[in-house]
Amino acid sequence: MLSQLYQNTILKNPKSIFLLLLITLLSFGYFSKDFRLDASSDTLLIEGDPDLEYLKKVTERYGSKEFLILTYSPNERMVTESSINNLLSLKYKIQSLDWVHSVITLLDIPLLSNSEAPLQERLESFKTLKDEGVDIERGFKEILNSPVFRNFVISEDAKTSGIIVYIKKDELKDIQNKSVQEIEDYKDTLKNKNHKNITQIREIIKTYGDVGKIYLGGIPMITDDMMSFIKSDIIVFGLGVLLFIIATLWFIFRKLIWIIVPISSCFFSVLIMTGLLGLLGWKVTVISSNFIALMLILTMAMNIHMSTRFLQLREDFPNLDNFKIITMTTSKMFWPIIYTVLTTICAFLSLVFSGIKPIIDFGWMMTLGLITSFIITFTLLPTLLSFMSSNKMKVKEDADSKITSFFAKISINNKSIIFLVTGLVVTLSVIGISKLEVENSFINYFNKNTEIYKGMKLIDEKLGGTTPLEVILKFPDKVATESSEDDEFESWDDEGSKDDEKYWFTKDKVEKIQKVHSYLDSLPAVGKVLSFSSIIEVATQLNNNKPLGTLEMGVLYSKIPESIKKDIIDPYISIKDNEARISLRIIDSQDGLRRNDLINQINFDLENKLKLNKEEFKLAGVLILFNNLLQSLFKSQILTLGLVIVGIFFMFMILFRNFKLSLIGVVPNFIAAFFILGIIGLLGIPLDMMTITIAAITIGIAVDNSIHYIYRFKEEFLKNKDYNKTLKVCHSTVGVAILNTSITIVFGFSILVFSKFIPTIYFGVFTGLAMLLAMISVLTLLPSLILISKPFGK
C-alpha cells in the first residue's frame, strides 16, 4: 500500500516533484539568511544547573563588569621611562575607544606608601606612578609587594603587567516587554559590536608590536574568536568534505552523472536544513559546527547505497526500462535505509538526555538533518534518475573489489583468528575504558599557536591564574563590638548614617576571613587570592605594621573615599547580607590538576580543618560550573550509550524478528565503539563535550553497514541457500557499497583535523578511526558470526 502510494505520487510525477523540491529549496534558502552562530559561555553549561543561578546572585550582589585583559611584557625593564611611556600611550589609545569605560594599568594603582603624609590625607589624595614627583622605583616596589596587586596587575618576576579594559555596559531596556525575536536581534547586535571592538583593540595592539609582547585575553575576546572558529570550521569542513566526496564519487563511478546526482541530494539537504535552523532560531555552537560536514557524509552514504543498487539492478535486468529499475531500487532499498536512518537518529537522540545544552541541540539538529536527508534521497535522486537516459547511466565494469574479496576469504577460512583478535580488542577496550577520565582544562581546548592559548597561558602563569572560584562566607546574625585602640584612626569623626556599619567588623568575622584566605592561598593549584583580608594586610602595612583593632577597621571603612571603597572593599564584603566573598583563581594549566578533587578538598577542609559549618560557606564560580559539566560527562556517556544499545537492538528485533540475528548485527559495531573509547583511555586523553559523543554516533552510523549487509544476505540466501556462496555475493555487491561509504565517512571525518578547536580534532580523528574499525568488523566478524550461528536456518 505504502509502496504503491510512493510510486504513484513520487516516481510517476518526476517533473512535479522536482518543481516542488525547487520551491522548497528556494523557500528554505530564503530563511537560511537567519542562520545564526553562538559561542557564548551559556553554550558550555548544564541545563538548569543550580550553581549557575547562585553565581548570578553572587555577581549581582558584589558587582561585575565585563572586561578584556591585555598582558604587556616590554622588551626592557618595566620601570624604564620608555616602558612607562609606551604603557601610558597604549592606555590612552585604548581609553579613546568609544566602547571603553575605563582602563586600569600599573600606572593607575594608588600609591599609599609613597609619602610621609598622614594616612587619611594619603587615602583622600593618593598619587600613582604616572604623576609627577613620584619616586617611580619606590612606587613600583610598593605595587610589587602589595598583597592586592602582586600577581594581579604585575607578575612576581616584574616582567609582565596586566592591562584591564572595562567595557561600557549596554543593557536592553524593558527586557520584560520585548519579544523573543527582539531579544535575539539585540544579542546579535551585541555580538557584531563585540567583534568590531575586538578588531579595533587588536589594530591598536599591532602598532605596539615593536615595544614588547602584548596578548589579548578575556571572555569577550574568547567568545569572538570562538565565533571565528565556528565560521571557519563550517566553511573548511563543508568545502573539504564536499571536495573529497566529489573525488570519491569519481573514483567509484567515473562518470559525471553519478557525481551530479548525489551532490545534488547533498546540496538540497544541507541548504534546506540550514534554512530550517534559521526558521526555528536554532543557533550553531562549536559542538554542532560540524553538522554540515556530518549531513554531507550521511546523505552521501545513503546516495551511494542507492546508486550502487540501481546500477547492479540495471546490470541484472538490462531489458527493463528506467522507471522499473528505479521502482525496484527504491522498493529494495527503502526498508534498509529507513532503518539505518532510524538507528542513526536513535544515536543522535540519545544525546538529548546528556543534560548539556550544546550536545542536546546537536542531537536535535542531526535528527532533523537525517530526516531531511532521507526525504531528499527518496524524492530527488529517483526524480533526477528518471530524467536520464539509460545509456548515460552505465559505468565502466570493474572487477570485484580486491579488498572485499580478501575480507570474504578471511571470514570463511580464518574465523578462529577473527575471534582471537576480537577477544584481544575487547580486553584492551575494557582496560582502556577503566582508565577514562574527564579532567580537562579549557586552555587545552585550543591550539598552542592561537592567541587565546598564548594569552590564557601567560595570565595563568604570570598573573595569578585564569579560572575563577568564589568562596562565600556567611555569618550568624549577631553583632559584637570591640574596644578601640589609640592610633591615628581614633581622631577621625565616626558619626553619621554609616555609624552602624563600623560595628559589623567583629573579631570573629575578621579572623574567619583571614583564616579561610590563608588556607586557600596555601593550596598549590590556587593562584591569586583576594578578599577583605588582603585589604587588612595593606592597612596593617600602612599602620607601621601594627594590627588594626576591629572598631578601627569599621572607622576606616566609613572614612575611606567612595572611589577606593567601590573598587577594593565592596567587591569582598556585603554588610547588608552579612557575608564576605573570597575571590581566587585556579592555575588551569598546572600539570596534574584535578578540579573535582580540589573542590572536594576545599569543601572538606573548610568543614573539618577550619571547623566551619556547612551553612557558613558555599563555593561558586566558573570552576564549579565547568567541573559540573565535566563530571556530568561520565553520566552522559553511560546514559547515551545505554540508550543507543537498547534502542538499536530493539530496532533490529523489529526489522529482522530474530533475536540471534539482532545480536549478531549489533555486536561488531558495539565492539568498534568501545574499542575507540578504550584507545582514548589508553592514550590518556580526557573526555570532553565532543569525545563523549563518539561512541554513540559511531554505533548509530556504523550499524547502518550491518543493516545493509544482513538485509542483502537474507535476500541472497533465499535464492541459493548456501552460506559461503551468499557471503561471497554479498561481499562483491553490498560489501563494495559498504567499503565505499565507509571510506567516504572516514576521510570525511578526517577533514575535522583542520579545526582550531582541539575537541573537534579529536572528534574527527577518533570517529573516523571508529568507522574504519566498524567497517572491517562488519566485513569480517559479522559474516563469521553468520556462518557459525546460521541464523537463516540450515
# chains A, B, ... in the order shown; residues from 1 in each chain; ligands from 1

call {"tool": "select_by_dssp", "arguments": {"residues": "stretch 523-669 of chain A", "states": "alpha helix (DSSP H)", "output": "ChimeraX atom specification"}}
result
/A:532-542,550-559,562-568,595-608,622-656,659-669

call {"tool": "closest_atom_pairs", "arguments": {"of": "stretch 358-474 of chain A", "to": "stretch 634-639 of chain A", "cutoff": "12 Å", "atoms": "only C-alpha atoms", "output": "CSV"}}
result
residue,atom,partner,partner_atom,distance
A:Ile359,CA,A:Ser636,CA,10.1
A:Ile360,CA,A:Ser636,CA,10.9
A:Ile433,CA,A:Phe634,CA,11.1
A:Ser434,CA,A:Phe634,CA,11.7
A:Leu436,CA,A:Phe634,CA,9.0
A:Glu437,CA,A:Phe634,CA,8.1
A:Val438,CA,A:Phe634,CA,7.4
A:Glu439,CA,A:Phe634,CA,10.9

call {"tool": "closest_residue", "arguments": {"among": "A:Lys448, A:Ile743, A:Leu610, A:Ser558", "to": "A:Val516", "atoms": "only C-alpha atoms"}}
result
A:Leu610

call {"tool": "select_by_dssp", "arguments": {"residues": "stretch 534-728 of chain A", "states": "strand (DSSP E)", "output": "NGL selection string"}}
result
:A and (573-574 or 579-586 or 617-620)
